[in-house]
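To start, the structure itself, in structure tokens.
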Amino acid sequence: MEFAPWYDEAEALFHVHGRRGEDPLDPGSTAYPFVPVRHEPKVQELSDKLTQLRLHPFHLPLGILLDQKEDGFATPTSVCMRCSYFDGFPCLLNGKADAQVMCVDPMLRITRM
């Protein structure tokens, strides 16, 4: 796959958390740069039930500035604190590793110097 190196570079730039091999349709071959974001308890319960039914739930790859502990909670120094506003809302801490946070804002800081 000739675009694979570019995907790998983008996944590193955008701090993608995930696990290769969970999604049977994922064409990627190299590991994501960060471990998957741990499921919330209710989502984990649903994932376990779906697995028992021989389905294949997987962790959604997420671009997020999250340092998480073993228990899935954010570390004290993590930009993302895993608040309840992640989906569909702007992050007031800039914890979403999106194009604005990872590319545009740093470029604007450089051009203002």
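Residue numbers start at 1 in each chain; chains themselves are named A, B, ... in the order of the structure tokens; ligands are numbered from 1 in the order shown.
Residues in contact with Cys83 in chain A at up to 12 Å, not including ones fewer than 5 positions away on its chain and judged by only C-alpha atoms, are A:Glu40, A:Leu66, A:Phe73, A:Ala74, A:Ser78, A:Phe89, A:Pro90, A:Cys91, A:Leu92, A:Leu93, A:Gly95, A:Lys96.
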Same residues, C-alpha atoms, output as a CSV table (one decimal), in the first residue's frame:
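For reference, selection.csv as written:
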```csv
chain,number,residue,atom,x,y,z
A,40,GLU,CA,-16.2,3.6,29.9
A,66,LEU,CA,-4.5,11.8,26.5
A,73,PHE,CA,-8.3,7.7,34.0
A,74,ALA,CA,-6.2,10.7,32.8
A,78,SER,CA,-2.7,14.9,30.6
A,89,PHE,CA,-18.0,19.8,21.5
A,90,PRO,CA,-15.0,22.0,21.3
A,91,CYS,CA,-12.4,21.2,23.9
A,92,LEU,CA,-11.6,24.2,26.2
A,93,LEU,CA,-8.2,22.6,27.0
A,95,GLY,CA,-7.2,18.1,24.2
A,96,LYS,CA,-8.5,17.0,20.8
```
Exercise. Which residues come within 12 Å of Ala10 in chain A, counting only C-alpha atoms, excluding same-chain residues fewer than 6 positions away, as a list in words?
Worked result: Phe3, Ala4, Val16, Tyr32, Pro33, Gly63, Ala97, Asp98, Ala99, Met102 and Cys103 of chain A
Can I get the selection written as an mmCIF file, in the first residue's frame, with C-alpha atoms?
```cif
data_model
loop_
_atom_site.group_PDB
_atom_site.id
_atom_site.type_symbol
_atom_site.label_atom_id
_atom_site.label_comp_id
_atom_site.auth_asym_id
_atom_site.auth_seq_id
_atom_site.Cartn_x
_atom_site.Cartn_y
_atom_site.Cartn_z
ATOM 1 C CA PHE A 3 0.011 5.547 1.080
ATOM 2 C CA ALA A 4 0.822 3.586 4.248
ATOM 3 C CA VAL A 16 -4.019 8.367 17.387
ATOM 4 C CA TYR A 32 -1.075 2.958 16.366
ATOM 5 C CA PRO A 33 1.275 5.306 18.239
ATOM 6 C CA GLY A 63 -6.782 11.501 17.884
ATOM 7 C CA ALA A 97 -5.557 16.274 18.519
ATOM 8 C CA ASP A 98 -7.265 17.740 15.468
ATOM 9 C CA ALA A 99 -5.874 19.832 12.603
ATOM 10 C CA MET A 102 -1.836 20.058 15.973
ATOM 11 C CA CYS A 103 -1.174 22.065 12.778
#
```
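Distances to Pro57 in chain A were evaluated for A:Tyr7, A:Pro41, A:Thr77, A:Glu22 using only C-alpha atoms, and the minimum falls at A:Glu22.
Minimum atom-to-atom distance to Leu25 in chain A, evaluated using only C-alpha atoms, belongs to A:His56 out of A:His39, A:Arg112, A:His56, A:Lys49.
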Problem set entry | Who sits within 8 Å of Arg20 in chain A, only C-alpha atoms, same chain under 5 positions skipped, as a VMD selection string | chain A and resid 26 28 to 32
Just the selected residues (all heavy atoms), exported as a compact mmCIF listing (two decimals), in the first residue's frame, please.
```txt
# COMPACT_ATOMS: atom_id res chain seq x y z
N ASP A 26 -9.80 -2.79 9.01
CA ASP A 26 -8.69 -1.83 9.07
C ASP A 26 -7.54 -2.35 8.21
O ASP A 26 -7.00 -3.42 8.47
CB ASP A 26 -8.24 -1.67 10.52
CG ASP A 26 -7.08 -0.71 10.69
OD1 ASP A 26 -6.66 -0.08 9.71
OD2 ASP A 26 -6.59 -0.61 11.83
N GLY A 28 -4.56 -1.12 7.95
CA GLY A 28 -3.24 -0.75 8.48
C GLY A 28 -2.42 -1.95 8.90
O GLY A 28 -2.96 -3.01 9.23
N SER A 29 -1.11 -1.77 8.90
CA SER A 29 -0.23 -2.87 9.29
C SER A 29 0.68 -2.52 10.47
O SER A 29 1.18 -3.40 11.14
CB SER A 29 0.61 -3.31 8.10
OG SER A 29 1.39 -2.23 7.61
N THR A 30 0.92 -1.22 10.71
CA THR A 30 1.77 -0.84 11.83
C THR A 30 0.88 -0.42 13.01
O THR A 30 -0.25 0.03 12.82
CB THR A 30 2.71 0.32 11.47
OG1 THR A 30 1.92 1.44 11.06
CG2 THR A 30 3.64 -0.07 10.34
N ALA A 31 1.41 -0.57 14.20
CA ALA A 31 0.64 -0.25 15.40
C ALA A 31 0.34 1.24 15.47
O ALA A 31 1.10 2.07 14.97
CB ALA A 31 1.43 -0.67 16.64
N TYR A 32 -0.78 1.56 16.09
CA TYR A 32 -1.07 2.96 16.37
C TYR A 32 -0.05 3.47 17.37
O TYR A 32 0.48 2.71 18.18
CB TYR A 32 -2.49 3.12 16.94
CG TYR A 32 -3.58 2.93 15.93
CD1 TYR A 32 -4.40 1.81 15.97
CD2 TYR A 32 -3.79 3.87 14.94
CE1 TYR A 32 -5.41 1.63 15.04
CE2 TYR A 32 -4.80 3.70 14.00
CZ TYR A 32 -5.60 2.58 14.05
OH TYR A 32 -6.59 2.41 13.12
```
For this session: Within chain A, find each residue whose DSSP state, derived from the backbone, is strand (DSSP E or B), and express the selection as a PyMOL selection string.
Result: chain A and resi 16-17+34+62-64+68+74+96
